[in-house]
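start-v2.txt (compact mmCIF, C-alpha atoms and all ligand atoms)
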```txt
# COMPACT_ATOMS: atom_id res chain seq x y z
CA VAL A 1 20.93 -39.10 0.55
CA ARG A 2 24.53 -39.79 -0.31
CA ILE A 3 25.06 -43.12 -2.02
CA GLU A 4 28.70 -43.42 -0.98
CA GLY A 5 28.76 -45.14 2.41
CA CYS A 6 25.02 -45.90 2.47
CA VAL A 7 23.51 -49.30 3.29
CA ALA A 8 21.07 -50.18 0.52
CA LEU A 9 18.52 -52.94 0.02
CA VAL A 10 17.13 -53.61 -3.47
CA THR A 11 14.25 -56.03 -4.10
CA GLY A 12 14.17 -58.07 -7.31
CA ALA A 13 17.95 -57.71 -7.48
CA ASN A 14 18.69 -60.87 -9.46
CA ARG A 15 17.80 -59.53 -12.93
CA GLY A 16 16.54 -56.58 -14.95
CA LEU A 17 16.54 -53.11 -13.42
CA GLY A 18 17.20 -54.51 -9.92
CA ARG A 19 20.50 -55.99 -11.03
CA ALA A 20 21.46 -52.71 -12.73
CA LEU A 21 20.64 -50.85 -9.51
CA VAL A 22 22.81 -53.05 -7.28
CA ARG A 23 25.70 -52.72 -9.74
CA GLU A 24 25.35 -48.94 -9.77
CA LEU A 25 25.19 -48.84 -5.96
CA VAL A 26 28.35 -50.93 -5.63
CA GLY A 27 30.06 -48.76 -8.26
CA ARG A 28 29.20 -45.58 -6.35
CA GLY A 29 30.68 -46.88 -3.10
CA ALA A 30 27.66 -47.99 -1.06
CA ARG A 31 28.98 -49.60 2.15
CA THR A 32 26.61 -52.58 2.01
CA VAL A 33 24.24 -53.61 -0.78
CA TYR A 34 21.64 -56.22 0.11
CA GLY A 35 20.31 -57.86 -3.02
CA ALA A 36 16.91 -59.37 -2.28
CA THR A 37 15.68 -62.27 -4.40
CA ARG A 38 13.08 -65.01 -4.24
CA THR A 39 15.57 -67.60 -5.42
CA PRO A 40 18.71 -68.35 -3.42
CA GLY A 41 21.85 -68.57 -5.55
CA THR A 42 20.75 -66.02 -8.17
CA ILE A 43 22.66 -63.07 -6.70
CA THR A 44 26.18 -63.44 -8.00
CA ASP A 45 27.45 -59.87 -8.37
CA PRO A 46 30.58 -59.09 -6.35
CA GLY A 47 29.94 -56.79 -3.42
CA VAL A 48 26.26 -57.74 -3.10
CA THR A 49 24.94 -59.52 0.01
CA PRO A 50 22.09 -61.89 -0.94
CA LEU A 51 18.86 -61.84 1.04
CA THR A 52 16.12 -64.34 0.26
CA MET A 53 12.60 -62.93 0.34
CA ASP A 54 9.28 -62.81 -1.47
CA ILE A 55 7.66 -59.41 -1.05
CA THR A 56 4.17 -60.95 -0.99
CA ARG A 57 5.09 -62.92 2.16
CA PRO A 58 4.88 -60.62 5.21
CA GLU A 59 6.92 -63.08 7.30
CA ASP A 60 9.80 -62.77 4.80
CA ILE A 61 9.66 -58.98 5.09
CA VAL A 62 9.70 -59.08 8.90
CA ALA A 63 12.73 -61.40 8.80
CA ALA A 64 14.51 -59.16 6.26
CA ALA A 65 13.91 -56.04 8.38
CA ALA A 66 15.41 -57.83 11.40
CA ARG A 67 18.41 -59.12 9.42
CA ALA A 68 19.09 -55.84 7.59
CA GLY A 69 18.57 -53.45 10.49
CA ASP A 70 21.33 -51.17 9.21
CA VAL A 71 19.53 -50.15 5.99
CA THR A 72 19.56 -46.46 5.10
CA LEU A 73 18.25 -46.75 1.52
CA LEU A 74 15.37 -49.03 0.54
CA ILE A 75 14.71 -49.59 -3.17
CA ASN A 76 11.42 -51.31 -3.91
CA ASN A 77 12.06 -52.54 -7.42
CA ALA A 78 10.41 -56.00 -7.51
CA GLY A 79 7.34 -56.02 -9.72
CA ILE A 80 5.27 -58.09 -12.13
CA ASP A 81 3.05 -57.47 -15.13
CA THR A 82 0.52 -60.23 -15.76
CA SER A 83 -0.61 -58.33 -18.92
CA THR A 84 -4.25 -59.09 -18.35
CA SER A 85 -7.48 -57.15 -18.05
CA PRO A 86 -10.73 -58.29 -16.44
CA ILE A 87 -12.60 -56.35 -19.15
CA SER A 88 -11.23 -58.15 -22.19
CA ALA A 89 -10.67 -61.46 -20.38
CA PRO A 90 -13.02 -61.70 -17.39
CA LYS A 91 -11.36 -64.76 -15.88
CA SER A 92 -8.22 -62.73 -15.39
CA GLU A 93 -9.53 -60.99 -12.28
CA ALA A 94 -7.28 -63.24 -10.22
CA GLU A 95 -4.30 -62.05 -12.29
CA MET A 96 -5.24 -58.43 -11.63
CA ARG A 97 -5.21 -59.20 -7.92
CA ARG A 98 -1.75 -60.75 -8.34
CA ASP A 99 -0.44 -57.52 -9.93
CA LEU A 100 -1.81 -55.57 -6.98
CA GLU A 101 -0.51 -58.09 -4.42
CA THR A 102 3.06 -57.56 -5.64
CA ASN A 103 3.25 -54.03 -7.03
CA LEU A 104 1.04 -52.31 -4.46
CA PHE A 105 0.63 -54.39 -1.30
CA GLY A 106 4.11 -55.97 -1.36
CA THR A 107 5.71 -52.56 -1.86
CA ALA A 108 3.51 -51.02 0.85
CA GLU A 109 4.40 -53.75 3.36
CA MET A 110 8.11 -53.27 2.62
CA CYS A 111 7.72 -49.55 3.34
CA ARG A 112 5.73 -50.19 6.52
CA ARG A 113 8.30 -52.61 7.96
CA PHE A 114 11.40 -50.68 6.91
CA ALA A 115 10.19 -47.17 7.82
CA PRO A 116 11.14 -47.65 11.50
CA VAL A 117 14.52 -49.07 10.46
CA LEU A 118 15.23 -46.00 8.31
CA GLY A 119 13.98 -43.70 11.06
CA ALA A 120 16.30 -45.34 13.61
CA ASN A 121 19.21 -44.96 11.19
CA GLY A 122 18.74 -41.21 10.74
CA GLY A 123 15.99 -40.95 8.11
CA GLY A 124 17.52 -42.27 4.93
CA ALA A 125 15.49 -42.77 1.78
CA ILE A 126 13.00 -44.98 -0.05
CA LEU A 127 12.92 -45.25 -3.84
CA ASN A 128 9.81 -46.89 -5.25
CA VAL A 129 10.14 -48.14 -8.81
CA LEU A 130 6.91 -47.12 -10.54
CA SER A 131 6.22 -46.63 -14.25
CA ALA A 132 4.91 -44.33 -16.97
CA ALA A 133 1.85 -46.57 -16.51
CA SER A 134 1.26 -44.72 -13.21
CA PHE A 135 0.19 -41.79 -15.42
CA VAL A 136 -1.19 -43.39 -18.59
CA ALA A 137 -3.20 -46.60 -18.88
CA VAL A 138 -2.03 -49.28 -21.27
CA PRO A 139 -4.84 -51.33 -22.92
CA ASN A 140 -5.07 -54.97 -21.81
CA THR A 141 -2.86 -54.41 -18.79
CA ALA A 142 -5.51 -53.25 -16.34
CA GLY A 143 -3.86 -55.00 -13.40
CA TYR A 144 -0.46 -53.47 -14.07
CA SER A 145 -1.76 -49.97 -14.85
CA VAL A 146 -4.00 -49.93 -11.77
CA SER A 147 -1.21 -51.27 -9.55
CA LYS A 148 1.33 -48.68 -10.71
CA ALA A 149 -1.16 -45.79 -10.43
CA ALA A 150 -2.05 -46.97 -6.92
CA ALA A 151 1.62 -47.42 -5.99
CA TRP A 152 2.27 -43.84 -7.18
CA SER A 153 -0.51 -42.56 -4.94
CA PHE A 154 0.84 -44.68 -2.07
CA THR A 155 4.32 -43.23 -2.64
CA ASN A 156 2.90 -39.70 -2.43
CA VAL A 157 1.16 -40.53 0.87
CA LEU A 158 4.31 -42.15 2.21
CA ARG A 159 6.39 -39.04 1.38
CA LEU A 160 4.11 -36.89 3.52
CA GLU A 161 3.86 -39.41 6.35
CA LEU A 162 7.63 -39.87 6.63
CA LEU A 163 8.44 -36.16 6.39
CA ASN A 164 8.82 -35.82 10.14
CA GLN A 165 11.34 -38.64 10.43
CA GLY A 166 13.43 -37.11 7.63
CA THR A 167 13.04 -39.94 5.14
CA GLN A 168 13.33 -38.88 1.49
CA VAL A 169 10.73 -40.70 -0.63
CA VAL A 170 11.30 -40.87 -4.39
CA GLY A 171 9.10 -42.26 -7.16
CA LEU A 172 10.90 -43.51 -10.28
CA HIS A 173 8.86 -43.55 -13.49
CA MET A 174 9.87 -44.67 -16.96
CA SER A 175 8.57 -46.27 -20.16
CA TYR A 176 9.69 -49.63 -21.56
CA LEU A 177 12.98 -51.04 -20.36
CA ASP A 178 15.19 -53.53 -22.12
CA THR A 179 14.46 -56.28 -19.56
CA ASP A 180 12.47 -59.52 -19.37
CA GLN A 181 9.27 -57.81 -18.23
CA ALA A 182 8.77 -55.85 -21.46
CA ALA A 183 10.21 -58.55 -23.71
CA THR A 184 6.84 -59.42 -25.28
CA ARG A 185 5.71 -55.80 -25.77
CA SER A 186 5.73 -54.03 -29.15
CA GLY A 187 9.11 -53.22 -30.75
CA GLY A 188 10.40 -49.67 -30.49
CA ARG A 189 13.32 -48.42 -28.48
CA ARG A 190 13.69 -49.69 -24.96
CA LEU A 191 15.60 -47.98 -22.21
CA ASP A 192 18.93 -49.29 -21.00
CA PRO A 193 18.41 -50.38 -17.36
CA ALA A 194 21.94 -49.23 -16.45
CA ARG A 195 21.15 -45.67 -17.58
CA VAL A 196 17.84 -45.66 -15.72
CA ALA A 197 19.58 -46.94 -12.57
CA ALA A 198 22.13 -44.11 -12.85
CA SER A 199 19.35 -41.49 -13.29
CA ALA A 200 17.52 -42.89 -10.27
CA LEU A 201 20.58 -42.62 -8.03
CA ASP A 202 21.37 -39.13 -9.40
CA GLY A 203 17.82 -38.09 -8.45
CA LEU A 204 18.18 -39.55 -4.97
CA GLU A 205 21.45 -37.72 -4.43
CA ALA A 206 19.96 -34.46 -5.75
CA GLY A 207 17.13 -34.68 -3.19
CA GLN A 208 14.37 -35.07 -5.82
CA HIS A 209 10.88 -36.36 -4.97
CA GLU A 210 10.33 -37.84 -8.39
CA VAL A 211 12.56 -39.08 -11.22
CA LEU A 212 11.06 -39.15 -14.71
CA ALA A 213 13.75 -41.13 -16.49
CA ASP A 214 12.90 -40.57 -20.17
CA THR A 215 11.35 -38.10 -22.61
CA MET A 216 8.20 -40.17 -23.18
CA THR A 217 7.45 -40.32 -19.46
CA ARG A 218 8.03 -36.58 -19.03
CA MET A 219 5.63 -35.89 -21.93
CA VAL A 220 2.98 -38.21 -20.52
CA LYS A 221 3.15 -36.59 -17.08
CA LYS A 222 2.75 -33.12 -18.66
CA ARG A 223 -0.35 -34.25 -20.56
CA LEU A 224 -2.04 -35.48 -17.39
CA GLY A 225 -3.42 -32.01 -16.73
CA GLY A 226 -5.06 -31.65 -20.16
CA ASP A 227 -7.86 -33.22 -22.15
CA PRO A 228 -7.81 -37.07 -22.06
CA VAL A 229 -7.53 -37.10 -25.89
CA ALA A 230 -4.01 -35.68 -25.57
CA LEU A 231 -3.03 -38.77 -23.58
CA TYR A 232 -5.22 -41.24 -25.47
CA PRO A 233 -5.29 -40.14 -29.17
CA SER A 234 -7.41 -43.17 -30.14
CA LEU A 235 -10.35 -41.52 -28.28
CA ALA A 236 -10.49 -38.99 -31.15
CA ARG A 237 -11.12 -41.75 -33.71
CA PRO A 238 -13.60 -44.16 -32.16
CA GLY A 239 -13.87 -47.45 -34.02
CA SER A 240 -10.50 -47.07 -35.71
N1 LIG B 1 10.28 -53.51 -17.99
C1 LIG B 1 9.67 -52.38 -18.20
O1 LIG B 1 9.44 -52.00 -19.36
C2 LIG B 1 9.30 -51.51 -17.04
C3 LIG B 1 8.82 -50.22 -17.30
C4 LIG B 1 8.46 -49.41 -16.22
C5 LIG B 1 8.58 -49.90 -14.94
N2 LIG B 1 9.05 -51.16 -14.70
C6 LIG B 1 9.18 -51.62 -13.33
O2 LIG B 1 10.54 -51.80 -13.02
C7 LIG B 1 10.70 -52.81 -12.02
C8 LIG B 1 11.70 -53.83 -12.48
O3 LIG B 1 11.21 -54.41 -13.68
P1 LIG B 1 12.12 -55.25 -14.67
O4 LIG B 1 11.79 -54.75 -16.02
O5 LIG B 1 13.51 -55.31 -14.19
O6 LIG B 1 11.39 -56.67 -14.51
P2 LIG B 1 11.97 -58.15 -14.58
O7 LIG B 1 13.17 -58.21 -15.45
O8 LIG B 1 10.77 -58.98 -14.90
O9 LIG B 1 12.43 -58.42 -13.05
C9 LIG B 1 11.48 -58.37 -12.03
C10 LIG B 1 12.18 -58.66 -10.71
O10 LIG B 1 11.20 -58.60 -9.66
C11 LIG B 1 11.28 -59.81 -8.91
N3 LIG B 1 10.01 -60.16 -8.28
C12 LIG B 1 8.79 -60.27 -8.86
N4 LIG B 1 7.86 -60.62 -7.95
C13 LIG B 1 8.52 -60.72 -6.76
C14 LIG B 1 8.11 -61.06 -5.46
N5 LIG B 1 6.84 -61.38 -5.15
N6 LIG B 1 9.05 -61.04 -4.47
C15 LIG B 1 10.33 -60.73 -4.75
N7 LIG B 1 10.79 -60.43 -5.97
C16 LIG B 1 9.88 -60.42 -6.97
C17 LIG B 1 11.71 -60.86 -9.92
O11 LIG B 1 12.19 -61.99 -9.27
P3 LIG B 1 12.20 -63.46 -9.98
O12 LIG B 1 13.46 -63.52 -10.80
O13 LIG B 1 12.17 -64.39 -8.84
O14 LIG B 1 10.95 -63.54 -10.84
C18 LIG B 1 12.78 -60.06 -10.66
O15 LIG B 1 13.97 -60.03 -9.93
C19 LIG B 1 9.29 -53.38 -11.79
O16 LIG B 1 8.70 -52.78 -10.68
C20 LIG B 1 8.57 -52.99 -13.06
O17 LIG B 1 7.17 -52.93 -12.93
C21 LIG B 1 9.43 -51.97 -15.73
```
How would this structure read if it were set down as structure tokens?
Amino acid sequence: VRIEGCVALVTGANRGLGRALVRELVGRGARTVYGATRTPGTITDPGVTPLTMDITRPEDIVAAAARAGDVTLLINNAGIDTSTSPISAPKSEAEMRRDLETNLFGTAEMCRRFAPVLGANGGGAILNVLSAASFVAVPNTAGYSVSKAAAWSFTNVLRLELLNQGTQVVGLHMSYLDTDQAATRSGGRRLDPARVAASALDGLEAGQHEVLADTMTRMVKKRLGGDPVALYPSLARPGS
């Protein structure tokens, strides 16, 4: 898709990567940019039209699809990481379900309700914000890792199912971003959300199916086809 002149909707647009994405869309000349948020009043960027919605509430999604019937680019960015695992903390099963409710089922419902809108508007595109965690599990984040792996698989299904209506479906994967979500994770370099947003839109415009936004993510994806020890070095030194 061409970004210039498109009508985009971004979920979770009030902070983090979502805010970087709406800024990049405005900067590249999108005709309309709907910034979806759970909290009215938190979308303040010039050129962004606020839309109040919670992606875990189907009625909000139906209302958004009716209000924003001109959308040609849907960006499912909203996501959570409860950083829990039912293995190490059994009571956290409810948290794991919460990760899935947002990252998998919320994203899937957005796609289901907006697919006809995109089809009616000529095909357009969907960008699902996934993660390097779609490819490699992170200890003590079972809910997040499972949800992003499942959302990757869902994105691959969606791409095939929307082929006939001409909708481009892109998965965006990356490692830690310099945003609130990863704020409590171990030090190390974090990616600039503005740069990741630019790579995502470049990938969309280039007609890619998948954008791997950083070196670490590209390396992880390559190692998927090999021995699990290549992806999980600690398996080679049990007990360490
Ligand atoms: N941060 C990382 O290191 C990293 C790495 C790889 C992938 N990702 C993915 O990138 C995306 C953006 O993450 P981020 O780092 O920008 O996170 P963030 O700073 O925590 O922002 C998350 C955004 O999602 C919104 N959101 C959460 N649940 C929602 C719901 N049920 N309905 C509507 N909006 C909801 C939040 O809204 P509120 O302000 O209302 O909470 C917020 O706007 C996520 O899908 C995340 O999993 C992040």
Padding of 6 Å on every side, edges along x, y and z, all listed atoms of ligand LIG 1 (chain B) included: what centre and edge lengths in Å, to one decimal, does that box have, as JSON?
```
{"center_x": 10.4, "center_y": -56.9, "center_z": -11.9, "size_x": 19.1, "size_y": 27.0, "size_z": 26.9}
```
Residues within 9 Å of ligand LIG 1 (chain B), counting all atoms listed in the file, as a ChimeraX atom specification: /A:11-20,36-39,42,52-57,76-81,101-103,106,128-133,144,148,172-183,185,190-191,193
For atom CA of A:Gly69 and atom CA of A:Arg112, the interatomic separation in Å (one decimal): 13.8 Å
Exercise: A:Leu100 partners within 7 Å, all atoms listed in the file, chain neighbours under 5 positions left out, as a ChimeraX atom specification: /A:105,143,147
Write the selection just made, keeping C-alpha atoms, as a PDB file, in the coordinates of the input?
```
ATOM      1  CA  PHE A 105       0.630 -54.390  -1.300  1.00  0.00           C
ATOM      2  CA  GLY A 143      -3.860 -55.000 -13.400  1.00  0.00           C
ATOM      3  CA  SER A 147      -1.210 -51.270  -9.550  1.00  0.00           C
TER       4      SER A 147
END
```
Residue with smallest distance to A:Val170 - pool A:Ser153, A:Asn121, A:Thr184, A:Ser85, counting all atoms listed in the file: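 Nearest to A:Val170: A:Ser153.
Atom to atom, atom CA of A:Leu231 and atom CA of A:Val138 stand 10.8 Å apart.
Note that atom CA of A:Thr49 and atom CA of A:Ala64 are 12.2 Å apart.
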Residue nearest A:Ala213 among A:Ala115, A:Val229, A:Val196, A:Ala65 (counting only C-alpha atoms):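 The closest residue to A:Ala213 is A:Val196.
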Neighbour residues at most 10 Å from (26.0, -46.8, -10.2) (only C-alpha atoms) as a PyMOL selection string: chain A and resi 3+20-30+194-202
For A:Arg67: contacts at 12 Å, all atoms listed in the file, fewer than 3 positions along chain excluded, given as a ChimeraX atom specification: /A:9,34,36,49-53,60-64,70-71,114,117
